[in-house]
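Presented below is the structure to which this report refers.
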Amino acid sequence: MNAWLIGALALLAGGLPPAALLSVRGEAVERLIGVEIGSTVAVLFLLLLIQGLQQPSYLIVPLVMVLLSFAGTLVFTRLLADPAEES
């Protein structure tokens, strides 16, 4: 087990539970923040895992995940908007 894999496990153990907790509790904005933190932790975890396993061909997965996460945030933010403010 190399340092990349240890870092990936530490990030997974230390970063994902607080993000999951934020994602299921509180107001809609707090849940959005939890989802964003979770997606960031997941992308960083995948990057560390790919580096630790020395499989650069898998880099497309976190790249696509970043793009989909950004698009999902835009959609969720649009749904949070107050309909009275749009007119």
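Residue numbering restarts at 1 for every chain of the structure tokens, chains are lettered A, B, ... in their displayed order, and ligands are numbered from 1 as they appear.
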> What lies within 10 Å of Arg31 of chain A using only C-alpha atoms, ignoring chain neighbours under 5 positions off, as a ChimeraX atom specification?
Replying inline: /A:19-26,36-37
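Omitting Gly14 of chain A and its sequence neighbours fewer than 3 positions away, and counting only C-alpha atoms, the residues within 12 Å are Ile6, Gly7, Ala8, Leu9, Ala10, Leu11, Pro17, Pro18, Ala19, Ala20, Ile37, Gly38, Val41, Ala42 and Phe45 of chain A.
Each of A:Leu74, A:Leu46, A:Ala28, A:Ile33 was compared to Leu12 of chain A using only C-alpha atoms, and A:Leu46 turns out to be the nearest.
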> Where does DSSP see alpha helix (DSSP H) in chain A, if you list the residues as a PyMOL selection string?
Replying inline: chain A and resi 3-24+28-53+60-80+83-86
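The smallest atom-to-atom distance between Leu49 of chain A and any of A:Gly72, A:Gly34, A:Pro62, A:Gly15, using only C-alpha atoms, is found for A:Pro62.
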